[in-house]
Structure formats: structure tokens, C-alpha cells
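Read the structure below first, then the notes.
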Amino acid sequence: MKNLEVSKVLYEIADLLDMLGIEWKPMAFRKAARAIETLSKDIALIYKENDIKGLMEIPGVGEGIAKKIEEFLRTRRLKELEELRKKIPKGLSQIINIQGMGPKRAWKLYKKLKIDTVERLEKAAKEGKIRKLEGFGEKSEQDILRGIELLKRREERMNLGRALPIAESIAYKLRKLKSVIKVDVVGSIRRRKETVKDIDILVLSKKPKEVMDYFTKLDEVETVLSKGLKRTSVFLKTRINSDLRVFNEKDYGAAMNYFTGSKDHNVHLRQLALKKGWTLNEYGLYTVKGHKYLAGRSEEELYKKLGMPYIEPELRENIGEIEVAMQNRLPKLISYSAIKGDLHMHTRWSDGINSTEDMIKEAIKMDYEYIAITDHSKSTYVANGLDEKRLSERLKELDKLQKKFDNIRIFKGSEIDILANGSLDYSAKILEQLDFVIGSIHSRFKSPKEEMTKRIIKAVENKYINLIAHPTGRLINQRDPYEVDLDRIFQAAKDNNVSLEINSHPSRLDLQDVNIKKAIEFGVKLIINTDSHSTEHLKFIHLGIAQARRGWASEEDILNTLPLEKFEKIIQKK
DNA sequence: GCCGTTTTCGGCCCGACTGTTTTCAGTCG
């Protein structure tokens, strides 16, 4: 598929044209880029089958852009883009990342003051050179300096696990205000995307001024970026932006929908509305003629009017959920309370910080029917992995604890290293004594794809194994997934009745959403675990469930939604 | 650059907010 490559090129042209102050064209390029991005058919194939004419059938693509796509597909180059790149220094695209700086102002500064890097911009602002330009003032200079400061300090994208509690604590405080009727965290947090760029909050209130005053004075706030009666933006001490918007009852559902996104999901909904002669925005669904109000109080009402059932926020990525909803074939997503047991956790025996007993007690508090205690195997010596001797002592301890706690089933488990050759870190004699066996990759992350794939498949074929933990090894914003052919892993897992993990740890979330969806299409069964290293971590289970929902998983796809008896039967078959 | 048809030219998504203005341009989402 060349679609993403093509759309990237078109987006870049749009950005560069913007900087030259050219009107409308950038919008046309972006529109075409977006359409190609979301196209399910390979654009190269469209061109092959139907030439330029085929390309021009894509909405937003006319003769001009079609010819550019043709040029790119045939030569892998684009003259116009290369010309534009010559005209515009690279640093300018960095400059437009600064809060409050856009293409127009960046270009003006470059033309008048030869500013082509962030460093030069900072220098000029400090020297008071910018205030002399028409359209800029002293305040602009300060804003630029503050913007550069924020750019340096802003995190790229914050993990959901960090952003969510921040958002909820702000929402909690807002709810205490008398003038506030309702508060919702929206945006990508509501969709439970694994990382988020900002915290969007929606408030239902008749006294917006009070709400905004209160919001800007919260402890969490470092700087107020803008403040009005409908929208206020702040930068939080936790280095993330937060936007608050106030709406009234009549608009609230439409606003929820609009600000939950994703943008592409919304665009798709708006297109559907237009086809019916309606228009959809953050204030509601209206008729185009006469602007008559049709819906907007609730999201349910909105979706219903558009001819489909309510779509859960986790699904709203415009990857087919709208089409499926219109056919009434949406999956019934696993609920946030469906998990019956956590099967991956560590204790002080290896690298956890709590005792086994602490972990069990916490699991009982969470109403689990069963858990597996799974400390590391001997090869993970950095994590104080257990050799055979310690493991056998530990199994005795677990037997004792099972007698002490008769209201929860404690599976004797281990998270066992998959060695370089694909064999497991313990002998069959030891593995036989375990109830639940997890295989994990903890070494040689840089192995070639084929080697890694074979290594994992060999582990999957091991008759003792129940689960492959964090199947791609990635750490969000820290470590890329190792190279592996997931399709083959999925097939092997399916064939050998081995489950794959959805690891709930905020920096893992592995498998990730798209792979969960694929695994389910292969018929693989999944298990959602926390990989807890303390009692606190057990609570992260909801992040794993969120990932599962984003991967279109229903309860049948997740083994640890089964009650104890059924679950036990499945793992005993091994 | 695209698109439609009431218009082969003249619109194009738009509401909110800010700063530099003296009625609006630029930015953001």
C-alpha cells in the first residue's frame, strides 16, 4: 500500500504552501491527503487499473493532484515538492510547532528578519527585534518566548496511564462546583488512546464565567494560554495542555461527540448527515435548509438519528466502525468489570515489591475468583529470577497460602524466559509442577525478524505453555517492538491453543489495539493481565480492558472473563 | 486545487480567542 506515502507527500506540500501564504490550495491538498489516507484500496492499484481517471474518482482529487500522484507513483519523486523545499528552510516547520506561531507569522519573520531556526527566533525575541514588525508587539515577543519554553518542556505524547488520573482529578474538582451540572473527560482520553496530546474536558453549566475562573485557578495549572466563556486553554504543571469547554444542555451530546473525535470519525458522520440534507457540528444536528434542530442532547440520540446504534468511544477511529454500525453488526465489547482473574504478577520473590500474601489480599479486594503468581525464571537474574531450588520452595509457600485463603484460587505460575533457541528456561520436570506457564522474551531484542519469529513459535509449540506475555516487547515512547512476523505468531497460537497477552501496564499495552483486532480475526484467545510488580499495579487492569475494547474484543475473546471452573479446565488441557 | 451547476467562476468549515487593531488577521482545534 502506497497510500500513506502519497498522503504524507500531499500533507507536506500543504504545509509548505501555507507558509508561502497561498490560500485555499493547502486545504485542497489536505483534503485529498486525508481521503487517500483513509482509502481502503491501494492507490497504486487504482492507478494501474484506471489511470488518472481512477485517481480523479477519489473525492478531493482533481486533475492537478491526480497528475502529481501519477508522477510520484511512477518516479517516486515530486518536482513541485522539491521546488518548495528549496524555497523554505527546514527550521520553519519546527517554528510552526511553537504555540501561537503559524505559517503566516513564521514566513513573515523569515522574510523580514531571516529567522529560520528556533534558536534565532529566541535570540531575536530576547533582543526586542520582533516587536518592531507590523502585526507583532511586545506581547507577541513574550508569547514566543513562552511558546519556545513550552515546546522544550512539553512531552511528546503522554501515556494514557499518566494522563487519565490527572484528567479525572481535575474533573472531580470541577464537579464540586455548585454551578456545574455535569463534567466529562473527552478527546483521545475518552477513546482510551494509548498516548494523548492534551486533556479535553467538557462541562455542562449555566455559569461559564464561574467555571472558567475556577478552572484557571486550579493548583494543577501552570499558565493560562487563553481564556473565554466557551473555551479556556491552560498548560498544566504536569507538562500537558488542558482545554475546557462549557456547553448547555441542548448541545451537550453533540459537543461530547464532536470533542471525543476522532476527527476522521466525525468527518465521516458529517458526510452522512450531509447526504440526508443535514449538517452536524458541536452544537447539534440541524437541517441545512431552515436550520431546524434535529438532535444533540445526547450521543445516543445523535447516532440514532443518523441511522445507527450508539458507537462506543473506544471504537471511534473511522476504521470501519460506522459501516459496521449501520449494518447493526457492532461487537458487544468486553465490559470494564468482566475480568475474573489476573494471571501475571510478581512478588518480592523476584522483582516485585510486595509479599505474595499482600498480592493475594489485594486480588481478593478486587473480587477476583483466581490469580496466578508468576515470578521470573532463573535467566532473568537482573530481576532476581528463581532458580530450581528457590522455585520449589516458593511452590510450597503457594500451597500453604492456598490453604490459608480459600476464597480465591491461586495458580502456581511462572514468567519463564524464552531462551535464544526458543526453549524455556526450566526443564519439563519443573514445568510439570506449574499450573500456569507464561513465556516471555527478555533478551536479544534486536534479533532478525525470522529468528525472533521462529524463537517465539517454538515456545508456542511447547506443550507446557499457556500464554505469551507482552508479545511485541515494545515500551511506549521508550523501546520499539522487536521485529517479528505477528501473522505467523497468531496462526501458531491459534493452532496450539496458546493465548496471547494484553499487558495492561501503562508503558506496555502490548498487544496494542490494531494487533488485538487482528489476533481476534485469526481466532486467537487473549488474556488481559497487569504484570503487576506491586499491589498498586493491579488497578491498571482497566487500561488493558480499554486496549481490548479498542481492538474490538468481546468477552468471548478474553479467556480470563471465564468463571474459575471453565478457566481451569482450559488451562488444564495443556 | 477542487467542485458544482442557480454560478465554467467564485466559493471553499468554522467558532473561539488573542493581540494588535480601530474592524481584523492569525492561530487553534
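In the C-alpha cells, the first chain shown is A, the next is B, and so on; residue numbers restart at 1 for each chain, and ligands run from 1 in the order shown.
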
Near-DA16 in chain B list (8 Å; only C-alpha atoms (C1' of nucleotides); drop same-chain fewer than 5 positions) as an MDAnalysis selection string: chainID A and resid 228 230:231

Listing only residues of chain A within 9 Å of chain B, what is the closest atom pair and its distance in Å (to one decimal) for each, using only C-alpha atoms (C1' of nucleotides), sorted by chain and residue number ascending, as a Markdown table?
| residue | atom | partner | partner_atom | distance |
| --- | --- | --- | --- | --- |
| A:Trp24 | CA | B:DC12 | C1' | 7.1 |
| A:Lys25 | CA | B:DG1 | C1' | 5.2 |
| A:Pro26 | CA | B:DG1 | C1' | 8.2 |
| A:Met27 | CA | B:DG1 | C1' | 8.5 |
| A:Ala28 | CA | B:DG1 | C1' | 5.6 |
| A:Phe29 | CA | B:DG1 | C1' | 7.2 |
| A:Gly60 | CA | B:DC2 | C1' | 6.2 |
| A:Val61 | CA | B:DC2 | C1' | 7.2 |
| A:Gly62 | CA | B:DC2 | C1' | 6.2 |
| A:Glu63 | CA | B:DG1 | C1' | 8.7 |
| A:Gly64 | CA | B:DG1 | C1' | 6.7 |
| A:Ile65 | CA | B:DG1 | C1' | 7.4 |
| A:Gln99 | CA | B:DT27 | C1' | 8.6 |
| A:Gly100 | CA | B:DT27 | C1' | 5.9 |
| A:Met101 | CA | B:DT27 | C1' | 7.0 |
| A:Gly102 | CA | B:DT27 | C1' | 6.3 |
| A:Lys104 | CA | B:DG26 | C1' | 7.3 |
| A:Arg105 | CA | B:DG26 | C1' | 7.7 |
| A:Glu134 | CA | B:DT20 | C1' | 8.9 |
| A:Gly135 | CA | B:DT20 | C1' | 6.2 |
| A:Phe136 | CA | B:DT20 | C1' | 7.1 |
| A:Gly137 | CA | B:DT20 | C1' | 7.1 |
| A:Lys139 | CA | B:DG19 | C1' | 7.4 |
| A:Ser140 | CA | B:DG19 | C1' | 7.4 |
| A:Ser226 | CA | B:DC17 | C1' | 6.6 |
| A:Lys227 | CA | B:DC17 | C1' | 7.3 |
| A:Gly228 | CA | B:DC17 | C1' | 6.8 |
| A:Lys230 | CA | B:DA16 | C1' | 7.2 |
| A:Arg231 | CA | B:DA16 | C1' | 6.8 |
| A:Thr232 | CA | B:DC17 | C1' | 8.7 |

Distance in Å - CA of Leu81 in chain A versus CA of Leu109 in chain A: 22.2 Å

CA of Val180 in chain A to CA of Lys193 in chain A, distance in Å rounded to a single decimal: 27.0 Å

Straight-line distance linking CA of Ile457 in chain A with CA of Ile571 in chain A, stated in Å to one decimal: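 These atoms are spaced 18.8 Å apart.
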
Distance criterion (only C-alpha atoms): nearest to Lys454 in chain A out of A:Leu343, A:Leu419, A:Val437, A:Val203: A:Leu419

Spatial neighbours of range 149-154 of chain A, max dist 10 Å, only C-alpha atoms (C1' of nucleotides), sep filter under 4 positions, as an NGL selection string: :A and (94-95 or 97-99 or 122 or 143-145 or 158 or 197 or 223 or 235-236 or 238-241)

Dump N, CA and C atoms for the selected residues as a compact mmCIF listing (two decimals), in the first residue's frame?
# COMPACT_ATOMS: atom_id res chain seq x y z
N GLN A 94 9.75 23.57 12.15
CA GLN A 94 9.94 23.46 13.60
C GLN A 94 9.29 24.66 14.29
N ILE A 95 9.47 25.84 13.69
CA ILE A 95 8.95 27.07 14.29
C ILE A 95 7.41 27.05 14.38
N ASN A 97 5.65 24.73 15.08
CA ASN A 97 5.22 23.89 16.22
C ASN A 97 5.07 24.69 17.50
N ILE A 98 5.62 25.90 17.50
CA ILE A 98 5.53 26.74 18.70
C ILE A 98 4.11 27.24 18.86
N GLN A 99 3.61 27.13 20.06
CA GLN A 99 2.26 27.58 20.39
C GLN A 99 2.07 29.04 19.96
N GLU A 122 14.43 32.76 19.17
CA GLU A 122 14.57 33.07 20.59
C GLU A 122 15.48 34.28 20.79
N ASP A 143 5.00 35.98 24.17
CA ASP A 143 4.33 34.73 23.82
C ASP A 143 5.28 33.77 23.10
N ILE A 144 6.09 34.33 22.24
CA ILE A 144 7.05 33.49 21.51
C ILE A 144 8.03 32.85 22.48
N LEU A 145 8.55 33.65 23.40
CA LEU A 145 9.50 33.11 24.37
C LEU A 145 8.84 32.04 25.25
N MET A 158 1.72 12.04 26.11
CA MET A 158 1.74 11.45 27.44
C MET A 158 1.02 10.10 27.43
N LYS A 197 -2.30 13.83 23.58
CA LYS A 197 -1.59 15.09 23.38
C LYS A 197 -2.08 16.15 24.36
N THR A 223 0.20 27.78 33.55
CA THR A 223 -0.02 29.00 32.77
C THR A 223 -1.39 28.95 32.09
N PHE A 235 -1.84 25.35 30.43
CA PHE A 235 -0.73 24.41 30.45
C PHE A 235 -0.57 23.96 31.90
N LEU A 236 -0.59 22.66 32.10
CA LEU A 236 -0.55 22.14 33.47
C LEU A 236 0.88 21.93 33.96
N THR A 238 1.99 19.42 35.12
CA THR A 238 2.40 18.08 34.67
C THR A 238 2.80 18.07 33.20
N ARG A 239 3.01 19.24 32.62
CA ARG A 239 3.54 19.40 31.27
C ARG A 239 2.62 18.92 30.17
N ILE A 240 1.36 19.19 30.32
CA ILE A 240 0.43 18.83 29.26
C ILE A 240 -0.63 19.93 29.18
N ASN A 241 -1.12 20.20 27.97
CA ASN A 241 -2.18 21.19 27.80
C ASN A 241 -3.52 20.62 28.23

DSSP alpha helix (DSSP H) residues within range 280-425 of chain A, listed as a PyMOL selection string: chain A and resi 299-305+321-326+356-365+388-404

Range 279-321 of chain A: residues DSSP assigns to strand (DSSP E or B), reported as a list in words: Thr279, Leu280, Asn281, Gly284, Leu285, Tyr286, Thr287, Tyr293, Leu294 and Ala295 of chain A

Would you export the selected residues with C-alpha atoms as a PDB file, in the first residue's frame, please?
ATOM      1  CA  THR A 279     -25.471  19.414   8.971  1.00  0.00           C
ATOM      2  CA  LEU A 280     -23.628  18.298  12.089  1.00  0.00           C
ATOM      3  CA  ASN A 281     -21.399  20.399  14.311  1.00  0.00           C
ATOM      4  CA  GLY A 284     -26.116  19.676  17.171  1.00  0.00           C
ATOM      5  CA  LEU A 285     -27.657  18.113  14.125  1.00  0.00           C
ATOM      6  CA  TYR A 286     -29.614  20.607  12.008  1.00  0.00           C
ATOM      7  CA  THR A 287     -31.354  20.673   8.670  1.00  0.00           C
ATOM      8  CA  TYR A 293     -32.738  21.460  15.282  1.00  0.00           C
ATOM      9  CA  LEU A 294     -32.951  17.670  14.970  1.00  0.00           C
ATOM     10  CA  ALA A 295     -30.770  16.205  17.742  1.00  0.00           C
TER      11      ALA A 295
END

Contacts of Asn257 in chain A at 8 Å (only C-alpha atoms (C1' of nucleotides); same-chain gap of 2+ positions) as a list in words: Gly253, Ala254, Ala255, Phe259, Thr260, Gly261, Asn266, Glu282 and Glu299 of chain A

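Checking A:Gln142, A:Ser262, A:Gln433, A:Asn503 one by one against Leu538 in chain A, counting only C-alpha atoms, you find the shortest gap at A:Asn503.
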
8 Å contact set for Val234 in chain A, only C-alpha atoms (C1' of nucleotides), chain neighbours under 5 positions out, as an MDAnalysis selection string: chainID A and resid 216 221:226 241:243
